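What follows is work-v2.pdb (PDB, C-alpha atoms).
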ATOM      1  CA  MET D   1      11.570  11.597  43.358  1.00  0.00           C
ATOM      2  CA  GLU D   2      11.423   8.572  41.099  1.00  0.00           C
ATOM      3  CA  LEU D   3      13.564   8.758  37.947  1.00  0.00           C
ATOM      4  CA  ARG D   4      12.340   7.039  34.793  1.00  0.00           C
ATOM      5  CA  PRO D   5      13.988   6.391  31.426  1.00  0.00           C
ATOM      6  CA  LEU D   6      12.894   8.559  28.526  1.00  0.00           C
ATOM      7  CA  GLY D   7      12.106   5.697  26.180  1.00  0.00           C
ATOM      8  CA  SER D   8      15.255   4.124  24.752  1.00  0.00           C
ATOM      9  CA  THR D   9      17.386   7.257  25.201  1.00  0.00           C
ATOM     10  CA  ALA D  10      20.109   7.491  27.825  1.00  0.00           C
ATOM     11  CA  LEU D  11      18.140  10.210  29.636  1.00  0.00           C
ATOM     12  CA  ARG D  12      16.590   9.510  33.031  1.00  0.00           C
ATOM     13  CA  ILE D  13      14.048  12.084  34.131  1.00  0.00           C
ATOM     14  CA  SER D  14      12.002  12.751  37.245  1.00  0.00           C
ATOM     15  CA  VAL D  15       8.424  11.493  37.194  1.00  0.00           C
ATOM     16  CA  LEU D  16       7.374  15.124  37.662  1.00  0.00           C
ATOM     17  CA  GLY D  17       8.834  17.768  35.379  1.00  0.00           C
ATOM     18  CA  LEU D  18       8.656  21.526  35.884  1.00  0.00           C
ATOM     19  CA  GLY D  19       6.822  23.389  33.115  1.00  0.00           C
ATOM     20  CA  THR D  20       7.958  26.992  32.795  1.00  0.00           C
ATOM     21  CA  VAL D  21       5.359  28.849  30.738  1.00  0.00           C
ATOM     22  CA  LYS D  22       4.488  30.940  33.818  1.00  0.00           C
ATOM     23  CA  LEU D  23       8.090  32.092  34.141  1.00  0.00           C
ATOM     24  CA  GLY D  24       7.806  34.098  30.957  1.00  0.00           C
ATOM     25  CA  ARG D  25       4.276  34.454  29.599  1.00  0.00           C
ATOM     26  CA  ALA D  26       1.040  35.813  31.041  1.00  0.00           C
ATOM     27  CA  GLN D  27      -0.924  36.352  27.809  1.00  0.00           C
ATOM     28  CA  GLY D  28      -2.978  33.785  25.931  1.00  0.00           C
ATOM     29  CA  VAL D  29      -3.008  31.167  28.690  1.00  0.00           C
ATOM     30  CA  LYS D  30      -6.003  29.160  29.865  1.00  0.00           C
ATOM     31  CA  TYR D  31      -5.507  28.897  33.603  1.00  0.00           C
ATOM     32  CA  PRO D  32      -8.307  29.492  36.152  1.00  0.00           C
ATOM     33  CA  ARG D  33      -6.532  32.543  37.587  1.00  0.00           C
ATOM     34  CA  PRO D  34      -4.508  35.342  35.965  1.00  0.00           C
ATOM     35  CA  VAL D  35      -0.792  34.609  35.693  1.00  0.00           C
ATOM     36  CA  THR D  36       1.653  36.794  37.619  1.00  0.00           C
ATOM     37  CA  ILE D  37       5.194  36.444  36.302  1.00  0.00           C
ATOM     38  CA  PRO D  38       7.523  35.711  39.254  1.00  0.00           C
ATOM     39  CA  THR D  39      10.484  37.886  40.133  1.00  0.00           C
ATOM     40  CA  ASP D  40      13.975  36.488  39.662  1.00  0.00           C
ATOM     41  CA  ASP D  41      14.167  35.757  43.400  1.00  0.00           C
ATOM     42  CA  GLU D  42      10.833  33.920  43.291  1.00  0.00           C
ATOM     43  CA  ALA D  43      11.852  31.958  40.196  1.00  0.00           C
ATOM     44  CA  GLU D  44      15.184  31.055  41.788  1.00  0.00           C
ATOM     45  CA  ALA D  45      13.366  29.817  44.904  1.00  0.00           C
ATOM     46  CA  LEU D  46      11.030  27.745  42.726  1.00  0.00           C
ATOM     47  CA  LEU D  47      13.937  26.068  40.950  1.00  0.00           C
ATOM     48  CA  ALA D  48      15.693  25.448  44.263  1.00  0.00           C
ATOM     49  CA  ALA D  49      12.538  23.824  45.660  1.00  0.00           C
ATOM     50  CA  ALA D  50      12.233  21.646  42.556  1.00  0.00           C
ATOM     51  CA  ALA D  51      15.845  20.517  42.899  1.00  0.00           C
ATOM     52  CA  GLU D  52      15.427  19.867  46.628  1.00  0.00           C
ATOM     53  CA  ARG D  53      12.443  17.623  45.922  1.00  0.00           C
ATOM     54  CA  GLY D  54      14.356  15.627  43.305  1.00  0.00           C
ATOM     55  CA  ILE D  55      12.972  17.126  40.102  1.00  0.00           C
ATOM     56  CA  ASN D  56      15.629  17.129  37.380  1.00  0.00           C
ATOM     57  CA  PHE D  57      13.489  17.790  34.289  1.00  0.00           C
ATOM     58  CA  ILE D  58      12.542  21.240  32.977  1.00  0.00           C
ATOM     59  CA  ASP D  59      10.187  21.877  30.062  1.00  0.00           C
ATOM     60  CA  THR D  60      10.306  25.243  28.278  1.00  0.00           C
ATOM     61  CA  ALA D  61       9.731  26.765  24.834  1.00  0.00           C
ATOM     62  CA  PRO D  62      10.365  29.850  22.690  1.00  0.00           C
ATOM     63  CA  ALA D  63       6.591  30.415  22.819  1.00  0.00           C
ATOM     64  CA  TYR D  64       6.798  30.870  26.609  1.00  0.00           C
ATOM     65  CA  GLY D  65       7.758  34.530  26.417  1.00  0.00           C
ATOM     66  CA  ASN D  66      11.225  35.080  27.884  1.00  0.00           C
ATOM     67  CA  ALA D  67      11.274  31.816  29.867  1.00  0.00           C
ATOM     68  CA  GLU D  68      14.293  30.446  27.991  1.00  0.00           C
ATOM     69  CA  GLU D  69      16.382  33.553  28.644  1.00  0.00           C
ATOM     70  CA  ARG D  70      15.423  33.582  32.314  1.00  0.00           C
ATOM     71  CA  LEU D  71      16.326  29.930  32.722  1.00  0.00           C
ATOM     72  CA  GLY D  72      19.664  30.524  31.018  1.00  0.00           C
ATOM     73  CA  SER D  73      20.455  33.088  33.679  1.00  0.00           C
ATOM     74  CA  LEU D  74      18.913  31.300  36.656  1.00  0.00           C
ATOM     75  CA  LEU D  75      20.545  27.937  35.929  1.00  0.00           C
ATOM     76  CA  GLY D  76      24.047  29.343  35.614  1.00  0.00           C
ATOM     77  CA  GLY D  77      26.541  26.825  36.983  1.00  0.00           C
ATOM     78  CA  GLN D  78      23.863  24.134  37.368  1.00  0.00           C
ATOM     79  CA  ARG D  79      23.553  22.923  33.782  1.00  0.00           C
ATOM     80  CA  ASP D  80      24.578  19.325  34.438  1.00  0.00           C
ATOM     81  CA  ARG D  81      22.032  18.995  37.229  1.00  0.00           C
ATOM     82  CA  TRP D  82      19.096  19.451  34.835  1.00  0.00           C
ATOM     83  CA  VAL D  83      17.596  17.674  31.838  1.00  0.00           C
ATOM     84  CA  ILE D  84      16.265  20.492  29.663  1.00  0.00           C
ATOM     85  CA  ALA D  85      13.550  20.129  27.047  1.00  0.00           C
ATOM     86  CA  THR D  86      12.567  22.992  24.795  1.00  0.00           C
ATOM     87  CA  LYS D  87      10.481  23.270  21.650  1.00  0.00           C
ATOM     88  CA  ALA D  88      10.522  24.610  18.114  1.00  0.00           C
ATOM     89  CA  GLY D  89       7.941  25.575  15.525  1.00  0.00           C
ATOM     90  CA  GLU D  90       5.829  28.066  17.508  1.00  0.00           C
ATOM     91  CA  GLU D  91       6.508  31.703  18.315  1.00  0.00           C
ATOM     92  CA  PHE D  92       4.261  33.876  20.488  1.00  0.00           C
ATOM     93  CA  GLU D  93       4.420  37.573  19.710  1.00  0.00           C
ATOM     94  CA  ASN D  94       2.038  40.455  20.413  1.00  0.00           C
ATOM     95  CA  GLY D  95      -0.534  38.091  21.900  1.00  0.00           C
ATOM     96  CA  GLN D  96      -0.568  35.808  18.866  1.00  0.00           C
ATOM     97  CA  SER D  97       0.984  32.448  18.006  1.00  0.00           C
ATOM     98  CA  ARG D  98       2.589  31.882  14.637  1.00  0.00           C
ATOM     99  CA  PHE D  99       4.025  28.645  13.333  1.00  0.00           C
ATOM    100  CA  ASP D 100       6.868  27.759  10.988  1.00  0.00           C
ATOM    101  CA  PHE D 101       7.823  24.104  10.579  1.00  0.00           C
ATOM    102  CA  SER D 102      10.325  24.518   7.767  1.00  0.00           C
ATOM    103  CA  PRO D 103      13.669  22.796   8.406  1.00  0.00           C
ATOM    104  CA  ARG D 104      15.391  26.181   8.218  1.00  0.00           C
ATOM    105  CA  ALA D 105      13.127  27.613  10.923  1.00  0.00           C
ATOM    106  CA  ILE D 106      13.557  24.551  13.148  1.00  0.00           C
ATOM    107  CA  ARG D 107      17.354  24.788  12.949  1.00  0.00           C
ATOM    108  CA  ALA D 108      17.290  28.535  13.620  1.00  0.00           C
ATOM    109  CA  SER D 109      15.037  27.982  16.629  1.00  0.00           C
ATOM    110  CA  VAL D 110      17.350  25.338  18.071  1.00  0.00           C
ATOM    111  CA  GLU D 111      20.409  27.545  17.559  1.00  0.00           C
ATOM    112  CA  ARG D 112      18.652  30.441  19.287  1.00  0.00           C
ATOM    113  CA  SER D 113      17.544  28.241  22.212  1.00  0.00           C
ATOM    114  CA  LEU D 114      21.139  27.139  22.738  1.00  0.00           C
ATOM    115  CA  VAL D 115      22.116  30.788  23.108  1.00  0.00           C
ATOM    116  CA  ARG D 116      19.164  31.748  25.293  1.00  0.00           C
ATOM    117  CA  LEU D 117      19.643  28.786  27.618  1.00  0.00           C
ATOM    118  CA  ARG D 118      23.422  29.305  27.677  1.00  0.00           C
ATOM    119  CA  THR D 119      24.171  25.682  26.937  1.00  0.00           C
ATOM    120  CA  ASP D 120      26.076  23.632  24.392  1.00  0.00           C
ATOM    121  CA  ARG D 121      23.333  21.042  23.963  1.00  0.00           C
ATOM    122  CA  LEU D 122      19.598  20.616  24.369  1.00  0.00           C
ATOM    123  CA  ASP D 123      18.602  17.324  25.954  1.00  0.00           C
ATOM    124  CA  LEU D 124      15.260  17.180  24.148  1.00  0.00           C
ATOM    125  CA  VAL D 125      13.606  19.270  21.449  1.00  0.00           C
ATOM    126  CA  LEU D 126       9.887  18.871  20.801  1.00  0.00           C
ATOM    127  CA  ILE D 127       8.019  20.242  17.817  1.00  0.00           C
ATOM    128  CA  HIS D 128       5.392  22.629  19.239  1.00  0.00           C
ATOM    129  CA  SER D 129       2.514  21.525  17.036  1.00  0.00           C
ATOM    130  CA  ASP D 130      -0.423  23.562  15.792  1.00  0.00           C
ATOM    131  CA  GLY D 131      -2.507  20.365  15.538  1.00  0.00           C
ATOM    132  CA  GLU D 132      -2.362  20.141  11.745  1.00  0.00           C
ATOM    133  CA  ALA D 133       1.255  20.200  10.608  1.00  0.00           C
ATOM    134  CA  GLU D 134       2.085  17.312  12.967  1.00  0.00           C
ATOM    135  CA  LYS D 135       0.361  15.009  10.492  1.00  0.00           C
ATOM    136  CA  ARG D 136       2.878  15.850   7.730  1.00  0.00           C
ATOM    137  CA  LEU D 137       6.104  16.685   9.536  1.00  0.00           C
ATOM    138  CA  ASP D 138       7.826  13.854   7.702  1.00  0.00           C
ATOM    139  CA  GLU D 139       7.108  15.266   4.256  1.00  0.00           C
ATOM    140  CA  LEU D 140       8.116  18.736   5.458  1.00  0.00           C
ATOM    141  CA  GLY D 141      11.599  17.395   6.262  1.00  0.00           C
ATOM    142  CA  VAL D 142      11.350  18.180   9.985  1.00  0.00           C
ATOM    143  CA  PHE D 143      12.448  14.787  11.275  1.00  0.00           C
ATOM    144  CA  GLU D 144      15.418  14.724   8.913  1.00  0.00           C
ATOM    145  CA  GLU D 145      16.514  18.136  10.191  1.00  0.00           C
ATOM    146  CA  LEU D 146      16.114  17.109  13.829  1.00  0.00           C
ATOM    147  CA  ALA D 147      18.094  13.927  13.187  1.00  0.00           C
ATOM    148  CA  ALA D 148      20.885  16.023  11.661  1.00  0.00           C
ATOM    149  CA  LEU D 149      20.919  18.274  14.731  1.00  0.00           C
ATOM    150  CA  ARG D 150      21.106  15.170  16.913  1.00  0.00           C
ATOM    151  CA  SER D 151      23.980  13.786  14.874  1.00  0.00           C
ATOM    152  CA  ALA D 152      25.777  17.117  15.309  1.00  0.00           C
ATOM    153  CA  GLY D 153      25.404  16.831  19.093  1.00  0.00           C
ATOM    154  CA  LYS D 154      23.311  19.995  19.397  1.00  0.00           C
ATOM    155  CA  ILE D 155      20.330  17.989  20.648  1.00  0.00           C
ATOM    156  CA  LEU D 156      20.307  14.592  22.330  1.00  0.00           C
ATOM    157  CA  ALA D 157      16.735  13.536  21.507  1.00  0.00           C
ATOM    158  CA  PHE D 158      13.677  14.854  19.685  1.00  0.00           C
ATOM    159  CA  GLY D 159       9.922  14.424  19.549  1.00  0.00           C
ATOM    160  CA  VAL D 160       6.585  16.162  19.064  1.00  0.00           C
ATOM    161  CA  SER D 161       4.061  17.734  21.430  1.00  0.00           C
ATOM    162  CA  VAL D 162       0.932  16.540  19.634  1.00  0.00           C
ATOM    163  CA  LYS D 163      -2.745  17.418  19.510  1.00  0.00           C
ATOM    164  CA  SER D 164      -4.070  14.484  17.467  1.00  0.00           C
ATOM    165  CA  LEU D 165      -3.847  10.701  17.458  1.00  0.00           C
ATOM    166  CA  GLU D 166      -2.636  10.830  13.862  1.00  0.00           C
ATOM    167  CA  GLY D 167       0.190  13.125  14.889  1.00  0.00           C
ATOM    168  CA  ALA D 168       1.007  10.890  17.854  1.00  0.00           C
ATOM    169  CA  THR D 169       1.199   7.834  15.611  1.00  0.00           C
ATOM    170  CA  LEU D 170       3.667   9.564  13.285  1.00  0.00           C
ATOM    171  CA  ALA D 171       5.774  10.849  16.171  1.00  0.00           C
ATOM    172  CA  ILE D 172       5.941   7.403  17.754  1.00  0.00           C
ATOM    173  CA  ALA D 173       7.171   5.953  14.463  1.00  0.00           C
ATOM    174  CA  ARG D 174       9.879   8.579  13.916  1.00  0.00           C
ATOM    175  CA  CYS D 175      10.902  10.112  17.236  1.00  0.00           C
ATOM    176  CA  ASP D 176      12.534   9.493  20.597  1.00  0.00           C
ATOM    177  CA  ALA D 177       9.614  10.972  22.555  1.00  0.00           C
ATOM    178  CA  VAL D 178       6.031  12.168  22.279  1.00  0.00           C
ATOM    179  CA  MET D 179       4.104  14.593  24.478  1.00  0.00           C
ATOM    180  CA  VAL D 180       0.349  14.039  24.867  1.00  0.00           C
ATOM    181  CA  ALA D 181      -2.491  15.319  27.025  1.00  0.00           C
ATOM    182  CA  LEU D 182      -3.849  12.972  29.688  1.00  0.00           C
ATOM    183  CA  ASN D 183      -6.222  13.634  32.575  1.00  0.00           C
ATOM    184  CA  PRO D 184      -9.515  12.205  33.867  1.00  0.00           C
ATOM    185  CA  GLY D 185     -11.403  14.290  31.297  1.00  0.00           C
ATOM    186  CA  GLU D 186      -9.030  13.554  28.391  1.00  0.00           C
ATOM    187  CA  THR D 187      -8.069   9.935  27.784  1.00  0.00           C
ATOM    188  CA  THR D 188      -7.989  10.021  23.967  1.00  0.00           C
ATOM    189  CA  PHE D 189      -4.257   9.369  23.853  1.00  0.00           C
ATOM    190  CA  LEU D 190      -4.110   6.253  26.038  1.00  0.00           C
ATOM    191  CA  PRO D 191      -3.733   3.999  22.947  1.00  0.00           C
ATOM    192  CA  ALA D 192      -0.839   6.180  21.808  1.00  0.00           C
ATOM    193  CA  VAL D 193       0.841   5.845  25.214  1.00  0.00           C
ATOM    194  CA  ALA D 194       0.553   2.062  24.932  1.00  0.00           C
ATOM    195  CA  ALA D 195       1.964   2.127  21.387  1.00  0.00           C
ATOM    196  CA  ALA D 196       4.869   4.328  22.483  1.00  0.00           C
ATOM    197  CA  ARG D 197       5.680   1.967  25.310  1.00  0.00           C
ATOM    198  CA  GLU D 198       5.711  -0.958  22.884  1.00  0.00           C
ATOM    199  CA  ARG D 199       8.232   0.867  20.674  1.00  0.00           C
ATOM    200  CA  ARG D 200      10.276   2.186  23.631  1.00  0.00           C
ATOM    201  CA  VAL D 201       9.450   5.795  22.824  1.00  0.00           C
ATOM    202  CA  GLY D 202       9.411   8.194  25.767  1.00  0.00           C
ATOM    203  CA  VAL D 203       6.043   9.635  26.831  1.00  0.00           C
ATOM    204  CA  LEU D 204       5.622  13.052  28.421  1.00  0.00           C
ATOM    205  CA  ILE D 205       2.249  14.136  29.780  1.00  0.00           C
ATOM    206  CA  LYS D 206       0.875  17.656  29.457  1.00  0.00           C
ATOM    207  CA  LYS D 207      -2.363  19.048  30.906  1.00  0.00           C
ATOM    208  CA  ALA D 208      -2.487  16.361  33.610  1.00  0.00           C
ATOM    209  CA  LEU D 209      -4.344  18.838  35.816  1.00  0.00           C
ATOM    210  CA  GLY D 210      -6.460  20.252  32.988  1.00  0.00           C
ATOM    211  CA  SER D 211      -4.465  23.504  33.145  1.00  0.00           C
ATOM    212  CA  GLY D 212      -5.536  23.738  36.795  1.00  0.00           C
ATOM    213  CA  HIS D 213      -9.274  23.512  36.090  1.00  0.00           C
ATOM    214  CA  LEU D 214      -9.565  19.944  37.410  1.00  0.00           C
ATOM    215  CA  VAL D 215      -7.954  20.510  40.800  1.00  0.00           C
ATOM    216  CA  LYS D 216      -9.840  21.995  43.719  1.00  0.00           C
ATOM    217  CA  THR D 217      -8.767  19.578  46.479  1.00  0.00           C
ATOM    218  CA  THR D 218      -5.821  17.371  47.391  1.00  0.00           C
ATOM    219  CA  SER D 219      -7.931  14.403  46.329  1.00  0.00           C
ATOM    220  CA  ASP D 220      -8.396  15.948  42.883  1.00  0.00           C
ATOM    221  CA  LEU D 221      -4.641  16.454  42.614  1.00  0.00           C
ATOM    222  CA  GLU D 222      -3.892  12.835  43.479  1.00  0.00           C
ATOM    223  CA  GLN D 223      -6.558  11.544  41.117  1.00  0.00           C
ATOM    224  CA  CYS D 224      -5.224  13.572  38.200  1.00  0.00           C
ATOM    225  CA  LEU D 225      -1.560  12.810  38.837  1.00  0.00           C
ATOM    226  CA  GLY D 226      -2.311   9.184  39.659  1.00  0.00           C
ATOM    227  CA  LEU D 227      -3.826   8.549  36.246  1.00  0.00           C
ATOM    228  CA  SER D 228      -0.669   9.707  34.447  1.00  0.00           C
ATOM    229  CA  VAL D 229       1.953   8.475  36.900  1.00  0.00           C
ATOM    230  CA  ARG D 230       0.463   4.982  37.052  1.00  0.00           C
ATOM    231  CA  THR D 231      -0.051   4.598  33.292  1.00  0.00           C
ATOM    232  CA  PRO D 232       2.620   2.189  31.983  1.00  0.00           C
ATOM    233  CA  GLY D 233       5.021   3.866  29.592  1.00  0.00           C
ATOM    234  CA  VAL D 234       4.761   7.388  30.994  1.00  0.00           C
ATOM    235  CA  SER D 235       8.189   8.902  31.612  1.00  0.00           C
ATOM    236  CA  SER D 236       7.261  12.237  33.197  1.00  0.00           C
ATOM    237  CA  VAL D 237       4.264  14.445  33.968  1.00  0.00           C
ATOM    238  CA  ILE D 238       4.806  18.155  33.377  1.00  0.00           C
ATOM    239  CA  ILE D 239       3.517  20.464  36.101  1.00  0.00           C
ATOM    240  CA  GLY D 240       3.375  24.050  34.873  1.00  0.00           C
ATOM    241  CA  THR D 241       3.601  26.378  37.851  1.00  0.00           C
ATOM    242  CA  ALA D 242       5.421  29.377  39.245  1.00  0.00           C
ATOM    243  CA  ASN D 243       4.005  28.761  42.733  1.00  0.00           C
ATOM    244  CA  ARG D 244       6.376  26.962  45.095  1.00  0.00           C
ATOM    245  CA  GLN D 245       3.543  25.737  47.331  1.00  0.00           C
ATOM    246  CA  HIS D 246       1.681  24.226  44.377  1.00  0.00           C
ATOM    247  CA  LEU D 247       4.858  22.511  43.206  1.00  0.00           C
ATOM    248  CA  GLU D 248       5.511  21.016  46.628  1.00  0.00           C
ATOM    249  CA  GLN D 249       1.910  19.813  46.876  1.00  0.00           C
ATOM    250  CA  ALA D 250       2.349  18.041  43.538  1.00  0.00           C
ATOM    251  CA  CYS D 251       5.613  16.498  44.729  1.00  0.00           C
ATOM    252  CA  ASP D 252       3.924  15.262  47.915  1.00  0.00           C
ATOM    253  CA  ALA D 253       1.104  13.741  45.872  1.00  0.00           C
ATOM    254  CA  ALA D 254       3.550  12.062  43.480  1.00  0.00           C
ATOM    255  CA  GLY D 255       5.431  10.652  46.453  1.00  0.00           C
ATOM    256  CA  ARG D 256       2.258   9.112  47.853  1.00  0.00           C
ATOM    257  CA  ILE D 257       1.385   7.661  44.447  1.00  0.00           C
ATOM    258  CA  THR D 258       4.810   6.116  43.836  1.00  0.00           C
ATOM    259  CA  GLY D 259       5.490   5.194  47.467  1.00  0.00           C
ATOM    260  CA  ARG D 260       8.553   7.457  47.652  1.00  0.00           C
TER     261      ARG D 260
END
Would you mind writing the file out in structure tokens?
Amino acid sequence: MELRPLGSTALRISVLGLGTVKLGRAQGVKYPRPVTIPTDDEAEALLAAAAERGINFIDTAPAYGNAEERLGSLLGGQRDRWVIATKAGEEFENGQSRFDFSPRAIRASVERSLVRLRTDRLDLVLIHSDGEAEKRLDELGVFEELAALRSAGKILAFGVSVKSLEGATLAIARCDAVMVALNPGETTFLPAVAAARERRVGVLIKKALGSGHLVKTTSDLEQCLGLSVRTPGVSSVIIGTANRQHLEQACDAAGRITGR
């Protein structure tokens, strides 16, 4: 698996990252089929398959149900093998999302994630945007708080998972990384990817497969992944799955695309 730099940080991450929403949350998701939360044995096998195929990057969030806690248990003794990204700003409770982007809430979320993931540092923290607050995170004091957490060594890098070009522009100006959607049906953020590359800001891709709606064949999979993997400036493409076979198919496709 090809490793790429996350912008100008010291982190090097696999071109495919493992998204873990399906490890902890079955409600309020937009996949083609109902989500079945894997058992611990199934989740452990998934992580082992990811490691075997060279994936070193895991993406999680407090809004992914109990995914953080499960990872903290499942990754025991393997912490240094993984680059872990989590998020802050969104909570998902009783089938509903709620958002709090106050500096106090961001710090509390980071402190809680450290405990849940059983680690002394988070490699990357992304603000889990609601699509509106991302346009004024600076005035809310969020970036200042994240920079303080970075200075304290609790996080190594920070960014925003955005839903608008305006939010992407702000994140690129102030952060180490930005997460944007990119697939054959969603190319709105290509200018932002180019701008991030120019500024040496890491780019993470979400929804590369359209939450699974764009992939019916191996050709579809390669087309979707190829767009993101081949776009200059992209550091990693997040594949959210709890299915080992689907993960290995994505790894095979990425290998064909990158010639690995």
(request) Would you kindly return, as a PyMOL selection string, each protein, DNA or RNA residue with an atom no farther than 9 Å from any atom of D:Val237, considering only C-alpha atoms and excluding same-chain residues fewer than 5 positions away? (result) chain D and resi 14-18+203-208+225+228-229
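Interatomic distance, atom CA of D:Phe189 against atom CA of D:Thr169: 10.0 Å.
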(request) Determine the nearest neighbour of D:His246 from the options D:Pro5, D:Phe143, D:Leu209, D:Arg150, counting only C-alpha atoms. (result)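 Going through D:Pro5, D:Phe143, D:Leu209, D:Arg150 one by one, the smallest distance to D:His246 is for D:Leu209.
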(message) Using all atoms listed in the file for the distances, tell me which of D:Asp138, D:Glu93, D:Asp100, D:Asp80 is nearest to D:Asp120.
(response)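 Nearest to D:Asp120: D:Asp80.
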(message) Just want the 12 Å neighbourhood of D:Arg199, counted on all atoms listed in the file, with same-chain residues fewer than 3 positions away dropped. Output as number ranges by chain.
(response) D: 6-8, 169, 171-178, 192-196, 202-203, 233
(request) List the residues selected by the PyMOL selection byres ((chain D and resi 86) around 6) in the file shown, writing them as a list in words. (result) Asp59, Thr60, Ala61, Ala85, Lys87 and Val125 of chain D
(request) For atom CA of D:Cys224 and atom CA of D:Thr188, determine how far apart the two atoms are, in Å to one decimal place. (result)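 Atom-to-atom, atom CA of D:Cys224 and atom CA of D:Thr188 are spaced 14.9 Å apart.
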(request) Report as JSON, numbers by chain the residues that result from applying the PyMOL selection byres ((chain D and resi 24) around 6) to the structure here. (result) {"D": [21, 22, 23, 25, 64, 65, 66, 67]}
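Of the listed residues (D:Arg121, D:Arg200, D:Arg244, D:Arg256), D:Arg256 comes nearest to D:Ser219; the distances count only C-alpha atoms.
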(request) Provide the atom CA of D:Trp82 to atom CA of D:Leu156 distance in Å, to one decimal place. (result) 13.5 Å
Between stretch 55-128 of chain D and stretch 38-50 of chain D, at 12 Å or less, what are the per-residue closest atom pairs and their distances in Å? Count all atoms listed in the file, order by chain and rising residue number, and return it as CSV.
residue,atom,partner,partner_atom,distance
D:Ile55,CA,D:Ala50,CA,5.2
D:Asn56,CA,D:Ala50,CA,7.7
D:Phe57,CA,D:Ala50,CA,9.2
D:Ile58,CA,D:Leu47,CA,9.4
D:Asn66,CA,D:Pro38,CA,12.0
D:Ala67,CA,D:Ala43,CA,10.3
D:Glu69,CA,D:Asp40,CA,11.7
D:Arg70,CA,D:Asp40,CA,8.0
D:Leu71,CA,D:Ala43,CA,8.9
D:Gly72,CA,D:Glu44,CA,11.7
D:Ser73,CA,D:Asp40,CA,9.5
D:Leu74,CA,D:Glu44,CA,6.3
D:Leu75,CA,D:Leu47,CA,8.5
D:Gly76,CA,D:Glu44,CA,10.9
D:Gln78,CA,D:Leu47,CA,10.7
D:Arg81,CA,D:Leu47,CA,11.4
D:Trp82,CA,D:Leu47,CA,10.4
Edge lengths and centre in Å to one decimal, as JSON, is what I'm after for the box along x, y and z that holds all listed atoms of stretch 151-159 of chain D once 5 Å is added on each side.
{"center_x": 17.8, "center_y": 16.8, "center_z": 18.6, "size_x": 25.9, "size_y": 16.5, "size_z": 17.5}
(message) Just checking: using all atoms listed in the file, which residue out of D:Gln223, D:Ala242, D:Pro191, D:Lys30 ends up closest to D:Ala254?
(response) D:Gln223
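With all atoms listed in the file as the atoms that count, the minimum distance from D:Leu122 to the choices D:Glu198, D:Asp220, D:Glu52, D:Glu68 is reached by D:Glu68.
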(message) Nearest residue to D:Glu186 out of D:Lys163, D:Arg4, D:Arg33, D:His128, using all atoms listed in the file?
(response)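 For D:Glu186, the nearest of the candidates is D:Lys163.
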(message) Show me the residues close to (8.1, 22.2, 17.8) - anything with an atom within 7 Å, counting all atoms listed in the file - and format the list as a list in words.
(response) Lys87, Ala88, Gly89, Glu90, Leu126, Ile127, His128, Ser129 and Val160 of chain D
Would you fill out stretch 249-260 of chain D with N, CA and C atoms and return it as a short mmCIF file (atom, residue, chain, number, x, y, z; two decimals), keeping the file's coordinate frame?
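Generated output (part-v1.cif):
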data_model
loop_
_atom_site.label_atom_id
_atom_site.label_comp_id
_atom_site.auth_asym_id
_atom_site.auth_seq_id
_atom_site.Cartn_x
_atom_site.Cartn_y
_atom_site.Cartn_z
N GLN D 249 3.10 20.65 46.73
CA GLN D 249 1.91 19.81 46.88
C GLN D 249 1.90 18.71 45.82
N ALA D 250 2.29 19.05 44.60
CA ALA D 250 2.35 18.04 43.54
C ALA D 250 3.42 17.00 43.83
N CYS D 251 4.55 17.45 44.36
CA CYS D 251 5.61 16.50 44.73
C CYS D 251 5.16 15.56 45.84
N ASP D 252 4.45 16.10 46.83
CA ASP D 252 3.92 15.26 47.92
C ASP D 252 2.96 14.22 47.37
N ALA D 253 2.08 14.65 46.45
CA ALA D 253 1.10 13.74 45.87
C ALA D 253 1.81 12.66 45.05
N ALA D 254 2.82 13.04 44.27
CA ALA D 254 3.55 12.06 43.48
C ALA D 254 4.26 11.07 44.38
N GLY D 255 4.79 11.55 45.51
CA GLY D 255 5.43 10.65 46.45
C GLY D 255 4.48 9.62 47.02
N ARG D 256 3.26 10.06 47.33
CA ARG D 256 2.26 9.11 47.85
C ARG D 256 1.87 8.10 46.78
N ILE D 257 1.78 8.55 45.55
CA ILE D 257 1.38 7.66 44.45
C ILE D 257 2.46 6.61 44.17
N THR D 258 3.71 7.04 44.18
CA THR D 258 4.81 6.12 43.84
C THR D 258 5.40 5.41 45.05
N GLY D 259 4.97 5.81 46.26
CA GLY D 259 5.49 5.19 47.47
C GLY D 259 6.88 5.68 47.82
N ARG D 260 7.22 6.90 47.36
CA ARG D 260 8.55 7.46 47.65
C ARG D 260 8.49 8.45 48.79
#
